[in-house]
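Novice: Pasting a structure below so you can have a look.
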Amino acid sequence: MPSFKIDLSTAVVFVATAPEPKMVNKKTGERAVDRETGASMSTVGLLVSDEGEGNLYQVAVPETGLPEGLAPGTPVKVIGLKARDWENEFNGQKRHGISFRAVAVAAGV
């Protein structure tokens, strides 16, 4: 599926929730891995404010792209943010949404 770049050049971005391991299977504890680099993935909640509107996004980021100590309220710069739509079927019910992924999140902007 195609992904789309998101322009944050005029936005203010803050950490809403600290990074947590992104899991493929919570029962087995299997972590998600970046297919290109092999780095373990994490998910961080980001509050993006732009043009008078604020939105909360859960963004997947390789651990190699996350600085130590990201805490809620920290202003950050997001590098390479992309959105991709998804759809799956679970227990006979179709689900769909948009997932977000970034190359890195830099603190102290």
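Every chain in the structure tokens has a letter given in the order shown (A, B, ...), and although residue numbers restart at 1 in each chain, ligands are simply numbered from 1 in the order shown.
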Find the residues around stretch 67-84 of chain A up to 7 Å (only C-alpha atoms counted), leave out those fewer than 4 positions away in its own chain, and share them as a list in words.
Specialist: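 The residues satisfying every condition are Pro2, Ser3, Phe4, Lys5, Ile6, Val13, Phe14, Val15, Ala16, Thr17, Ala18, Ile98, Ser99, Phe100, Arg101, Ala102, Val103, Ala104, Val105, Ala106, Ala107, Gly108 and Val109 of chain A.
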Novice: Would you please work out which residue, of A:Asp50, A:Asp85, A:Glu36, A:Glu30, is nearest to A:Ser9 when using only C-alpha atoms?
Specialist: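 Result for the nearest residue to A:Ser9: A:Asp50.
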Novice: When DSSP is applied to the backbone of this structure, which of stretch 8-91 of chain A are assigned strand (DSSP E)? Write them out as a ChimeraX atom specification.
Specialist: /A:12-21,23-25,30-31,41-50,53-62,75-79,82-90
Novice: Calculated over only C-alpha atoms, which of the candidates A:Val61, A:Leu66, A:Leu56, A:Val48 has the smallest distance to A:Ala11?
Specialist: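 Of A:Val61, A:Leu66, A:Leu56, A:Val48, the one nearest A:Ala11 is A:Val48, counting only C-alpha atoms.
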Novice: Compile the contact shell of A:Met23 as a list of chain:residue names: residues with an atom at most 12 Å away, counting only C-alpha atoms, same-chain residues fewer than 6 positions apart removed.
Specialist: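 Contacts, in chain order: A:Gly29, A:Glu30, A:Arg31, A:Ala32, A:Val33, A:Asp34, A:Ser40, A:Met41, A:Ser42, A:Thr43, A:Ala60.
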Novice: Which of these, A:Gly97, A:Gly38, A:Glu20, A:Val12, has the shortest distance to A:Thr64 once you count only C-alpha atoms?
Specialist: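 Distance minimum relative to A:Thr64 lands on A:Gly38.
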Novice: Rounded to one decimal in Å, what is the spacing between atom CA of A:Leu47 and atom CA of A:Gly65?
Specialist: 18.0 Å
